[in-house]
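Peer 1: File follows, target-v1.pdb with PDB, C-alpha atoms and all ligand atoms:
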ATOM      1  CA  MET A   1      81.726 101.485 140.889  1.00  0.00           C
ATOM      2  CA  SER A   2      83.313 102.558 137.611  1.00  0.00           C
ATOM      3  CA  THR A   3      86.718 104.264 137.664  1.00  0.00           C
ATOM      4  CA  ASP A   4      85.571 106.279 134.664  1.00  0.00           C
ATOM      5  CA  ASP A   5      87.928 109.233 134.987  1.00  0.00           C
ATOM      6  CA  THR A   6      91.133 108.205 133.198  1.00  0.00           C
ATOM      7  CA  SER A   7      92.712 111.640 133.200  1.00  0.00           C
ATOM      8  CA  VAL A   8      95.974 111.348 135.105  1.00  0.00           C
ATOM      9  CA  PRO A   9      96.586 113.644 138.102  1.00  0.00           C
ATOM     10  CA  ALA A  10     100.158 114.950 138.175  1.00  0.00           C
ATOM     11  CA  ASP A  11     101.060 113.236 141.426  1.00  0.00           C
ATOM     12  CA  ARG A  12     100.061 109.724 140.415  1.00  0.00           C
ATOM     13  CA  PRO A  13     102.509 107.169 138.995  1.00  0.00           C
ATOM     14  CA  THR A  14     101.850 106.180 135.404  1.00  0.00           C
ATOM     15  CA  GLU A  15     103.125 103.690 132.890  1.00  0.00           C
ATOM     16  CA  GLU A  16     103.488 104.136 129.164  1.00  0.00           C
ATOM     17  CA  ILE A  17     101.586 101.660 127.054  1.00  0.00           C
ATOM     18  CA  THR A  18     101.336 101.153 123.321  1.00  0.00           C
ATOM     19  CA  VAL A  19      98.236  99.448 122.004  1.00  0.00           C
ATOM     20  CA  THR A  20      96.759  99.018 118.575  1.00  0.00           C
ATOM     21  CA  VAL A  21      93.021  99.605 118.713  1.00  0.00           C
ATOM     22  CA  ASN A  22      90.923  98.916 115.629  1.00  0.00           C
ATOM     23  CA  GLY A  23      94.075  99.252 113.524  1.00  0.00           C
ATOM     24  CA  GLU A  24      95.323 102.524 115.046  1.00  0.00           C
ATOM     25  CA  THR A  25      98.395 102.456 117.252  1.00  0.00           C
ATOM     26  CA  VAL A  26      98.279 104.597 120.372  1.00  0.00           C
ATOM     27  CA  THR A  27     101.071 105.308 122.854  1.00  0.00           C
ATOM     28  CA  THR A  28      99.929 106.942 126.065  1.00  0.00           C
ATOM     29  CA  GLU A  29     100.367 107.150 129.812  1.00  0.00           C
ATOM     30  CA  VAL A  30      97.931 105.353 132.067  1.00  0.00           C
ATOM     31  CA  GLU A  31      97.678 104.743 135.758  1.00  0.00           C
ATOM     32  CA  PRO A  32      98.216 101.098 136.663  1.00  0.00           C
ATOM     33  CA  ARG A  33      94.807 101.066 138.402  1.00  0.00           C
ATOM     34  CA  HIS A  34      92.855 101.872 135.267  1.00  0.00           C
ATOM     35  CA  LYS A  35      90.686  99.151 133.915  1.00  0.00           C
ATOM     36  CA  LEU A  36      90.866  98.394 130.234  1.00  0.00           C
ATOM     37  CA  SER A  37      87.127  99.060 129.888  1.00  0.00           C
ATOM     38  CA  ASP A  38      87.472 102.571 131.292  1.00  0.00           C
ATOM     39  CA  PHE A  39      90.581 103.221 129.217  1.00  0.00           C
ATOM     40  CA  LEU A  40      88.738 102.294 126.024  1.00  0.00           C
ATOM     41  CA  ARG A  41      85.586 104.234 126.901  1.00  0.00           C
ATOM     42  CA  GLU A  42      86.984 107.334 128.529  1.00  0.00           C
ATOM     43  CA  HIS A  43      90.483 107.718 127.177  1.00  0.00           C
ATOM     44  CA  LEU A  44      89.768 106.610 123.607  1.00  0.00           C
ATOM     45  CA  GLY A  45      86.063 107.481 123.461  1.00  0.00           C
ATOM     46  CA  LEU A  46      84.982 103.990 122.399  1.00  0.00           C
ATOM     47  CA  ARG A  47      81.570 103.997 124.074  1.00  0.00           C
ATOM     48  CA  GLY A  48      80.510 100.797 122.344  1.00  0.00           C
ATOM     49  CA  VAL A  49      82.435  99.067 125.117  1.00  0.00           C
ATOM     50  CA  ARG A  50      79.658  98.752 127.667  1.00  0.00           C
ATOM     51  CA  VAL A  51      80.121  98.408 131.382  1.00  0.00           C
ATOM     52  CA  GLY A  52      77.391  96.428 133.092  1.00  0.00           C
ATOM     53  CA  CYS A  53      78.350  94.329 136.102  1.00  0.00           C
ATOM     54  CA  GLU A  54      82.085  95.129 136.306  1.00  0.00           C
ATOM     55  CA  HIS A  55      82.504  91.667 137.815  1.00  0.00           C
ATOM     56  CA  GLY A  56      83.154  89.547 134.741  1.00  0.00           C
ATOM     57  CA  VAL A  57      79.631  88.158 134.706  1.00  0.00           C
ATOM     58  CA  CYS A  58      77.584  89.922 132.007  1.00  0.00           C
ATOM     59  CA  GLY A  59      79.984  90.135 129.035  1.00  0.00           C
ATOM     60  CA  ALA A  60      78.810  93.612 127.999  1.00  0.00           C
ATOM     61  CA  CYS A  61      82.425  94.818 128.066  1.00  0.00           C
ATOM     62  CA  THR A  62      83.763  92.058 125.780  1.00  0.00           C
ATOM     63  CA  VAL A  63      86.511  93.103 123.360  1.00  0.00           C
ATOM     64  CA  LEU A  64      89.053  91.093 121.412  1.00  0.00           C
ATOM     65  CA  MET A  65      92.662  91.127 122.539  1.00  0.00           C
ATOM     66  CA  ASP A  66      94.997  89.497 120.031  1.00  0.00           C
ATOM     67  CA  GLY A  67      91.912  87.732 118.682  1.00  0.00           C
ATOM     68  CA  ASP A  68      90.682  86.372 122.006  1.00  0.00           C
ATOM     69  CA  ALA A  69      87.502  87.610 123.669  1.00  0.00           C
ATOM     70  CA  VAL A  70      88.318  89.246 127.005  1.00  0.00           C
ATOM     71  CA  LYS A  71      86.169  91.002 129.540  1.00  0.00           C
ATOM     72  CA  SER A  72      87.713  94.418 129.625  1.00  0.00           C
ATOM     73  CA  CYS A  73      86.297  95.127 133.101  1.00  0.00           C
ATOM     74  CA  LEU A  74      88.537  92.391 134.466  1.00  0.00           C
ATOM     75  CA  SER A  75      91.714  93.612 132.737  1.00  0.00           C
ATOM     76  CA  TYR A  76      93.906  96.608 133.432  1.00  0.00           C
ATOM     77  CA  ALA A  77      94.931  98.860 130.594  1.00  0.00           C
ATOM     78  CA  VAL A  78      98.605  98.156 131.350  1.00  0.00           C
ATOM     79  CA  GLN A  79      97.959  94.475 130.653  1.00  0.00           C
ATOM     80  CA  ALA A  80      97.087  95.404 127.069  1.00  0.00           C
ATOM     81  CA  ASP A  81     100.522  96.896 126.407  1.00  0.00           C
ATOM     82  CA  GLY A  82     101.723  95.616 123.042  1.00  0.00           C
ATOM     83  CA  ALA A  83      98.386  94.013 122.194  1.00  0.00           C
ATOM     84  CA  GLU A  84      96.012  94.380 119.267  1.00  0.00           C
ATOM     85  CA  LEU A  85      92.537  95.267 120.455  1.00  0.00           C
ATOM     86  CA  GLU A  86      89.286  95.153 118.528  1.00  0.00           C
ATOM     87  CA  THR A  87      86.079  96.811 119.647  1.00  0.00           C
ATOM     88  CA  VAL A  88      82.698  96.989 117.972  1.00  0.00           C
ATOM     89  CA  GLU A  89      83.642 100.391 116.535  1.00  0.00           C
ATOM     90  CA  GLY A  90      86.207  98.688 114.312  1.00  0.00           C
ATOM     91  CA  LEU A  91      83.772  96.343 112.566  1.00  0.00           C
ATOM     92  CA  ALA A  92      81.885  98.473 110.075  1.00  0.00           C
ATOM     93  CA  ASP A  93      83.790  99.023 106.854  1.00  0.00           C
ATOM     94  CA  ASP A  94      83.426 102.480 105.374  1.00  0.00           C
ATOM     95  CA  GLY A  95      79.825 102.766 106.591  1.00  0.00           C
ATOM     96  CA  SER A  96      78.833  99.188 105.710  1.00  0.00           C
ATOM     97  CA  LEU A  97      77.889  96.993 108.617  1.00  0.00           C
ATOM     98  CA  HIS A  98      80.013  93.939 109.341  1.00  0.00           C
ATOM     99  CA  PRO A  99      78.142  90.699 108.469  1.00  0.00           C
ATOM    100  CA  ILE A 100      77.682  90.007 112.176  1.00  0.00           C
ATOM    101  CA  GLN A 101      76.171  93.444 112.773  1.00  0.00           C
ATOM    102  CA  GLN A 102      73.962  93.087 109.704  1.00  0.00           C
ATOM    103  CA  SER A 103      72.752  89.706 110.888  1.00  0.00           C
ATOM    104  CA  PHE A 104      71.933  90.976 114.383  1.00  0.00           C
ATOM    105  CA  HIS A 105      69.942  93.730 112.718  1.00  0.00           C
ATOM    106  CA  GLU A 106      68.058  91.403 110.375  1.00  0.00           C
ATOM    107  CA  GLU A 107      67.245  88.828 113.053  1.00  0.00           C
ATOM    108  CA  HIS A 108      66.081  91.459 115.525  1.00  0.00           C
ATOM    109  CA  ALA A 109      68.696  90.170 117.937  1.00  0.00           C
ATOM    110  CA  LEU A 110      68.605  93.201 120.166  1.00  0.00           C
ATOM    111  CA  GLN A 111      66.107  95.282 122.017  1.00  0.00           C
ATOM    112  CA  CYS A 112      67.749  97.823 124.287  1.00  0.00           C
ATOM    113  CA  GLY A 113      71.123  97.046 122.723  1.00  0.00           C
ATOM    114  CA  PHE A 114      73.110  97.335 125.926  1.00  0.00           C
ATOM    115  CA  CYS A 115      74.509  93.821 125.630  1.00  0.00           C
ATOM    116  CA  THR A 116      74.859  93.852 121.860  1.00  0.00           C
ATOM    117  CA  SER A 117      78.431  94.991 121.334  1.00  0.00           C
ATOM    118  CA  GLY A 118      79.622  92.329 123.764  1.00  0.00           C
ATOM    119  CA  PHE A 119      77.599  89.656 121.953  1.00  0.00           C
ATOM    120  CA  VAL A 120      78.871  90.843 118.581  1.00  0.00           C
ATOM    121  CA  MET A 121      82.503  90.652 119.687  1.00  0.00           C
ATOM    122  CA  ALA A 122      81.993  87.247 121.324  1.00  0.00           C
ATOM    123  CA  THR A 123      80.404  86.104 118.045  1.00  0.00           C
ATOM    124  CA  LYS A 124      83.397  87.389 116.116  1.00  0.00           C
ATOM    125  CA  GLU A 125      85.744  85.275 118.222  1.00  0.00           C
ATOM    126  CA  LEU A 126      83.431  82.264 117.907  1.00  0.00           C
ATOM    127  CA  LEU A 127      83.196  82.469 114.110  1.00  0.00           C
ATOM    128  CA  ASN A 128      86.933  83.124 113.758  1.00  0.00           C
ATOM    129  CA  GLU A 129      87.580  79.849 115.567  1.00  0.00           C
ATOM    130  CA  ASN A 130      84.627  77.889 114.228  1.00  0.00           C
ATOM    131  CA  PRO A 131      83.090  79.286 111.029  1.00  0.00           C
ATOM    132  CA  ASP A 132      80.180  76.822 111.057  1.00  0.00           C
ATOM    133  CA  PRO A 133      79.114  76.230 114.661  1.00  0.00           C
ATOM    134  CA  ASP A 134      76.127  74.038 115.500  1.00  0.00           C
ATOM    135  CA  ASP A 135      73.467  75.231 117.939  1.00  0.00           C
ATOM    136  CA  GLU A 136      75.218  73.767 120.955  1.00  0.00           C
ATOM    137  CA  GLU A 137      78.528  75.348 119.959  1.00  0.00           C
ATOM    138  CA  ILE A 138      76.823  78.720 119.555  1.00  0.00           C
ATOM    139  CA  ARG A 139      75.258  78.409 123.000  1.00  0.00           C
ATOM    140  CA  GLU A 140      78.618  77.475 124.503  1.00  0.00           C
ATOM    141  CA  GLY A 141      80.441  80.219 122.613  1.00  0.00           C
ATOM    142  CA  LEU A 142      78.096  82.889 123.927  1.00  0.00           C
ATOM    143  CA  ALA A 143      77.616  81.473 127.412  1.00  0.00           C
ATOM    144  CA  ASP A 144      79.701  84.241 128.983  1.00  0.00           C
ATOM    145  CA  ASN A 145      77.305  86.942 127.775  1.00  0.00           C
ATOM    146  CA  ILE A 146      73.998  87.890 129.339  1.00  0.00           C
ATOM    147  CA  CYS A 147      71.052  89.601 127.639  1.00  0.00           C
ATOM    148  CA  ARG A 148      68.091  90.789 129.659  1.00  0.00           C
ATOM    149  CA  CYS A 149      65.843  91.556 126.682  1.00  0.00           C
ATOM    150  CA  THR A 150      65.880  89.150 123.770  1.00  0.00           C
ATOM    151  CA  GLY A 151      65.492  85.660 125.190  1.00  0.00           C
ATOM    152  CA  TYR A 152      68.594  84.590 123.238  1.00  0.00           C
ATOM    153  CA  GLN A 153      66.882  82.755 120.386  1.00  0.00           C
ATOM    154  CA  ASN A 154      67.164  85.669 117.993  1.00  0.00           C
ATOM    155  CA  ILE A 155      70.804  86.084 118.942  1.00  0.00           C
ATOM    156  CA  TYR A 156      71.490  82.446 118.084  1.00  0.00           C
ATOM    157  CA  GLU A 157      69.645  82.931 114.776  1.00  0.00           C
ATOM    158  CA  ALA A 158      71.801  85.976 114.088  1.00  0.00           C
ATOM    159  CA  VAL A 159      74.975  83.979 114.646  1.00  0.00           C
ATOM    160  CA  ASN A 160      73.731  81.300 112.233  1.00  0.00           C
ATOM    161  CA  ARG A 161      72.904  83.943 109.671  1.00  0.00           C
ATOM    162  CA  ALA A 162      76.291  85.618 110.122  1.00  0.00           C
ATOM    163  CA  ALA A 163      78.076  82.291 109.690  1.00  0.00           C
ATOM    164  CA  ASP A 164      76.212  81.667 106.421  1.00  0.00           C
ATOM    165  CA  ARG A 165      76.874  85.181 105.216  1.00  0.00           C
ATOM    166  CA  MET A 166      80.592  85.066 106.026  1.00  0.00           C
ATOM    167  CA  GLU A 167      80.914  81.667 104.363  1.00  0.00           C
ATOM    168  CA  ASP A 168      79.433  83.126 101.169  1.00  0.00           C
ATOM    169  CA  GLU A 169      81.826  86.079 101.118  1.00  0.00           C
TER     170      GLU A 169
HETATM  171  S1  LIG B 201      80.967  94.660 132.657  1.00  0.00           S
HETATM  172 FE1  LIG B 201      82.526  93.246 132.268  1.00  0.00          FE
HETATM  173  S2  LIG B 201      81.578  91.325 132.406  1.00  0.00           S
HETATM  174 FE2  LIG B 201      80.010  92.737 133.005  1.00  0.00          FE
HETATM  175  S1  LIG B 202      69.213  93.732 124.105  1.00  0.00           S
HETATM  176 FE1  LIG B 202      68.857  94.581 126.062  1.00  0.00          FE
HETATM  177  S2  LIG B 202      70.225  93.535 127.355  1.00  0.00           S
HETATM  178 FE2  LIG B 202      70.391  92.529 125.487  1.00  0.00          FE
END
Before anything else, please render the file you have as structure tokens.
Ligand code: FES
Ligand code: FES
Peer 2:
Amino acid sequence: MSTDDTSVPADRPTEEITVTVNGETVTTEVEPRHKLSDFLREHLGLRGVRVGCEHGVCGACTVLMDGDAVKSCLSYAVQADGAELETVEGLADDGSLHPIQQSFHEEHALQCGFCTSGFVMATKELLNENPDPDDEEIREGLADNICRCTGYQNIYEAVNRAADRMEDE
């Protein structure tokens, strides 16, 4: 069950954390029990962070922490103290889609879209580390993310397209 409510009752202990999220630095009080996924969604309003299984299985909640893909349902907000976080909301630049978002769009790599932000962030980590992955490397790079709708092939095509596009930029 989600611990969605991140408002802090007066009688609960809290810790101060400072995180940089999509380039903006935030200092705030959180309860130690609050998951990072709930903190991002409820406290910061970043609803692109999706919560599916809450068990580290589906990858819908994937965000980047200091450049590494993490499942935010398995992390506590206090563990992000001092970190740089990236969510899907930080990708578009002044209304223009990020090349990965554009490629997912063009390759029809989503249907319901519930998994998409997690796939996009996992792809960002993959292409940061390996700008020209082969098919096997793409499959391995996205193996922690589950999609119930697309059958994956279009997602892999989108990653290939994004890699080409980012190489050309
Ligand atoms: S919600 Fe985090 S892995 Fe499924
Ligand atoms: S597009 Fe629906 S779960 Fe992936």
Peer 1: Pick the closest to His105 of chain A from A:Asp164, A:Glu157, A:Glu29, A:Asp38: which is it, counting only C-alpha atoms?
Peer 2: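 Going through A:Asp164, A:Glu157, A:Glu29, A:Asp38 one by one, the smallest distance to His105 of chain A is for A:Glu157.
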Peer 1: Let me have all residues with an atom within 12 Å of ligand LIG 202 (chain B), counting only C-alpha atoms and all ligand atoms, laid out as a ChimeraX atom specification.
Peer 2: /A:50-53,58-60,104-105,108-120,145-155
Peer 1: For Val21 of chain A, which residue out of A:Gly90, A:Gly56, A:Pro133, A:Gly45 is the nearest one, using all atoms listed in the file?
Peer 2: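 Of A:Gly90, A:Gly56, A:Pro133, A:Gly45, the one nearest Val21 of chain A, counting all atoms listed in the file, is A:Gly90.
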Peer 1: Considering all atoms listed in the file, return as a list in words whatever protein or nucleic-acid residues lie within 7 Å of Glu16 of chain A, sequence-local ones (same chain, fewer than 5 positions apart) excluded.
Peer 2: Thr27, Thr28, Glu29 and Val30 of chain A
Peer 1: Using only C-alpha atoms, which of A:Ala77, A:Glu89, A:Ala10, A:Lys71 sits nearest Leu46 of chain A?
Peer 2: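 Smallest separation from Leu46 of chain A among the options: A:Glu89.
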Peer 1: Kindly indicate which residue among A:Leu91, A:Leu85, A:Ala122, A:Leu97 lies nearest to ligand LIG 201 (chain B), using all atoms listed in the file for the distances.
Peer 2: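 Of all the options, A:Ala122 lies closest to ligand LIG 201 (chain B).
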Peer 1: Using the chain letters and numbers from the file, give me the residues hit by the PyMOL selection byres (((chain A and resi 166) around 9) and not hetatm), as a PDB file with C-alpha atoms, in the frame of the given file.
Peer 2:
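File out.pdb, as written:
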ATOM      1  CA  PRO A  99      78.142  90.699 108.469  1.00  0.00           C
ATOM      2  CA  ILE A 100      77.682  90.007 112.176  1.00  0.00           C
ATOM      3  CA  LEU A 127      83.196  82.469 114.110  1.00  0.00           C
ATOM      4  CA  PRO A 131      83.090  79.286 111.029  1.00  0.00           C
ATOM      5  CA  ARG A 161      72.904  83.943 109.671  1.00  0.00           C
ATOM      6  CA  ALA A 162      76.291  85.618 110.122  1.00  0.00           C
ATOM      7  CA  ALA A 163      78.076  82.291 109.690  1.00  0.00           C
ATOM      8  CA  ASP A 164      76.212  81.667 106.421  1.00  0.00           C
ATOM      9  CA  ARG A 165      76.874  85.181 105.216  1.00  0.00           C
ATOM     10  CA  GLU A 167      80.914  81.667 104.363  1.00  0.00           C
ATOM     11  CA  ASP A 168      79.433  83.126 101.169  1.00  0.00           C
ATOM     12  CA  GLU A 169      81.826  86.079 101.118  1.00  0.00           C
TER      13      GLU A 169
END
Peer 1: Just checking: using only C-alpha atoms, which residue out of A:Thr123, A:Ser103, A:Gln79, A:Asn128 ends up closest to Glu15 of chain A?
Peer 2: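 Closest candidate: A:Gln79.
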Peer 1: Taking all atoms listed in the file into account, which of A:Asp135, A:Asp81, A:Glu42, A:Glu54 comes nearest ligand LIG 201 (chain B)?
Peer 2: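 The shortest atom-to-atom distance to ligand LIG 201 (chain B) comes from A:Glu54.
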Peer 1: Mind pulling up the distance from atom CA of Arg41 of chain A to atom CA of Cys73 of chain A?
Peer 2: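 So the answer is 11.0 Å.
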Peer 1: In Å, how far is it from atom CA of Ala80 of chain A to atom CA of Ile17 of chain A?
Peer 2: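 Rounded to one decimal, the two atoms are 7.7 Å apart.
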Peer 1: So how far away is atom CA of Ser37 of chain A from atom CA of Gly82 of chain A, in Å?
Peer 2: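 Separation between atom CA of Gly82 of chain A and atom CA of Ser37 of chain A: 16.5 Å.
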Peer 1: So that I can check the surroundings of His55 of chain A, please list as an NGL selection string every protein, DNA and RNA residue that reaches within 12 Å of it, counting only C-alpha atoms and ignoring chain neighbours fewer than 6 positions away.
Peer 2: :A and (1-2 or 35 or 37 or 61 or 71-75 or 144)
Peer 1: Would you compute the box with edges along x, y and z of the file around ligand LIG 201 (chain B), including every atom the file lists for it and 8 Å extra on each side, and give its centre and edge lengths in Å to one decimal, as AutoDock Vina command-line options?
Peer 2:
--center_x 81.3 --center_y 93.0 --center_z 132.6 --size_x 18.5 --size_y 19.3 --size_z 16.7
